[in-house]
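Single-structure report; data block below.
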Amino acid sequence: MKYRWILLPSPPKESVEALSSSIGCSPMISQLLLQRGVNTYEEAAEFTNPSKGQWHDPFQMKDLDKAVDRILVAREREESIFVFGDYDVDGTTSVALMSDYLKRLGIKVFTYIPDRYKEGYGLSTAGIEAAVAKECSVLIALDCGIKSVDKVQYGNSLGLDFIICDHHNPGDILPAALAVLDPKRSDCDYPYKELSGCGVGFKLIQGVQTRLGLPLSELMAYTDLLAVSIGADIVPLTGENRILAAQGIEILNTRPRHGLAALMEVSKKQGYFDIESVVFQIAPRINAAGRIDHGHIAVELLTTDNILLAKELAERVNQLNADRRTYDENITSEALLEMHGKENLVSTVVYNEHWHKGVIGIAASRLIEHHYKPTIVLTKSGEVLAGSARSVHGFNLYDALEKCSDQLIQFGGHAFAAGMTLKPERLNGFIERFEEVVKSSIREEQKTPRIEVDIPLQFSDISMSFYNTIQRFGPFGPFNMNPVFISFGLRDCGSKPVGIGNKHLRLELVSQDGIVFSGIAFGKGDLIEMVQNGPVDILYNLSLNTFREKSTLQLMVKDIRESELN
């Protein structure tokens with residue numbers, strides 16, 4: 001797939017020189033810091049030490065005082081609390097965090113994860129009725145509930161008090177809950193708006209801990225769950241999220257809870273777990289529970305104090321994840337066959353009634369890797385068709401679906417991902433309408449994937465010291481990505497294709513001043529002739545390759561082109 005290389009604007013030379021002088025670093029490091037909004041010595045010190053950061057006062061969040069009061073009243077009166085959360089990683093980590101904390105306060109707690117297929121996303125009637133059946137007086141909804149106006153009204157009529165802990169955008173009307181915690185409320189003054197659902201739950205337990213006069217240091221044990229939720233839910237790695245993620249990664253690598261330790265073990269990954277490891281090793285296994293079986297398995301895994309049970313449950317979700325991969329691969333290959341001959345279309349909509357509903361969203365993302373177009377994958381769900389959609393950079397998927405709303409029963413989501421249902425007889429009409437909408441609104445530059453490049457780099461600039469400094473910019477993620485570098489005019493000195501079917505490239509490249517670096521370019525095996533003919537330009541991250549206790553720097557190459565210096 002061909003990419004557009006977008007070199008980010010360079011900060012003013014005087015700003016680079018001033019910051020370099022202030023903190024005693026190279027101009028390259030200063031430029032990278034300035035591109036991330038770091039302008040002063042003080043800001044640089046804070047940015048490069050996120051694990052030392054302080055949490056915001058939770059009582060700045062609208063309604064948090066009401067929520068804390070109600071929980072403490074429930075504790076005093078020995079009332080039971082019902083903890084309800086979504087079936088994805090953010091939801092299950094939220095439920096694990098909240099239920100574990102409340103139990104340690106001596107509160108009787110019941111947990112509930114809705115069935116993905118029978119109940120769908122968000123607060124459910126079945127869940128509310130289960131809370132009443134358990135004689136709970138309070139229902140805490142995590143990672144959902146901000147738009148559940150009717151469900152909360154129904155629960156209120158049954159005598160339930162609701163505490164909503166959500167991070168999604170509110171609708172025009174807030175649910176009539178006792179407390180609605182959501183930093184995205186227009187009337188909420190909380191200074192950081194991008195918390196995960198688990199992050200909002202964490203602020204609530206921080207408020208309870210503060211009100212009880214207990215040490216906040218005790219809450220550090222929950223930051224491993226926060227790091228997992230932040231990484232998996234793809235929220236910005238900025239501000240308080242970055243502080244919590246850094247602290248959580250530290251806990252994850254030193255004293256993780258039994259369930260996460262067991263997941264790390266079954267993943268077979270050796271060494272340090274960073275946010276990338278969370279995204280690719282831990283999160284898919286937790287998600288697989290809700291996609292293939294039921295999310296309550298993940299909650300049990302993340303809360304158990306029994307090491308043997310943790311290992312047993314980790315093996316179970318590991319197998320569910322293997323099943324998920326099989327479904328994913330089958331759907332993707334079948335969908336690619338269905339797309340054959342439709343290369344002239346600007347959108348992709350595919351349907352098969354036998355595809356697994358829990359995997360179609362992943363399949364949609366996979367298809368975009370092959371055909372870079374707004375993509376929808378549909379399957380049969382009872383009497384209707386259910387779909388999952390993924391977008392390309394800059395194209396607003398939600399707006400496109402809104403223009404197709406007369407073809408749909410319902411839809412929801414945001415600019416980059418969405419879900420929908422429709423009647424079977426509407427399928428062809430919807431496919432035609434969606435293609436029309438995309439064709440009329442997508443811009444030419446949105447039809448090609450892009451890679452943003454931070455700065456040009458000479459091989460002579462690369463050192464272990466430079467790499468170690470860059471690592472202090474992490475944890476990396478949305479809005480704080482691992483820096484991408486560009487180097488020009490490189491020649492081959494021993495590159496070769498590797499892997500099954502020679503799919504990948506093991507690179508040995510020499511710069512114009514004679515410095516050699518090794519690298520790996522996954523999925524670029526077909527570019528071997530271009531590299532050997534040279535010269536080439538490359539885009540890459542820096543990484544550490546450890547073999548037999550010896551660590552060397554290597555280039556993680558993202559793309560290759562014929563050199564502009566040729």
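Letters for chains follow the order of the structure tokens (A, B, ...), residue numbers begin at 1 for each chain, and ligand numbers begin at 1 in the order shown.
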Near-stretch 468-479 of chain A list (6 Å; only C-alpha atoms; drop same-chain fewer than 6 positions) as a list of chain:residue names: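 Close residues of stretch 468-479 of chain A: A:Thr48, A:Pro236, A:Leu237.
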Per-residue DSSP, stretch 127-176 of chain A, filtered to strand (DSSP E), as a PyMOL selection string: chain A and resi 136-142+161-165
Residue neighbourhood A:Ile515, 10 Å, only C-alpha atoms, exclusion window fewer than 4 positions, as a PyMOL selection string: chain A and resi 458-460+490+509-511
Exercise: A:Gly122 partners within 12 Å, only C-alpha atoms, chain neighbours under 4 positions left out, as number ranges by chain: A: 84-88, 91, 112-116, 118, 126-128, 141-152, 164-166, 168, 412
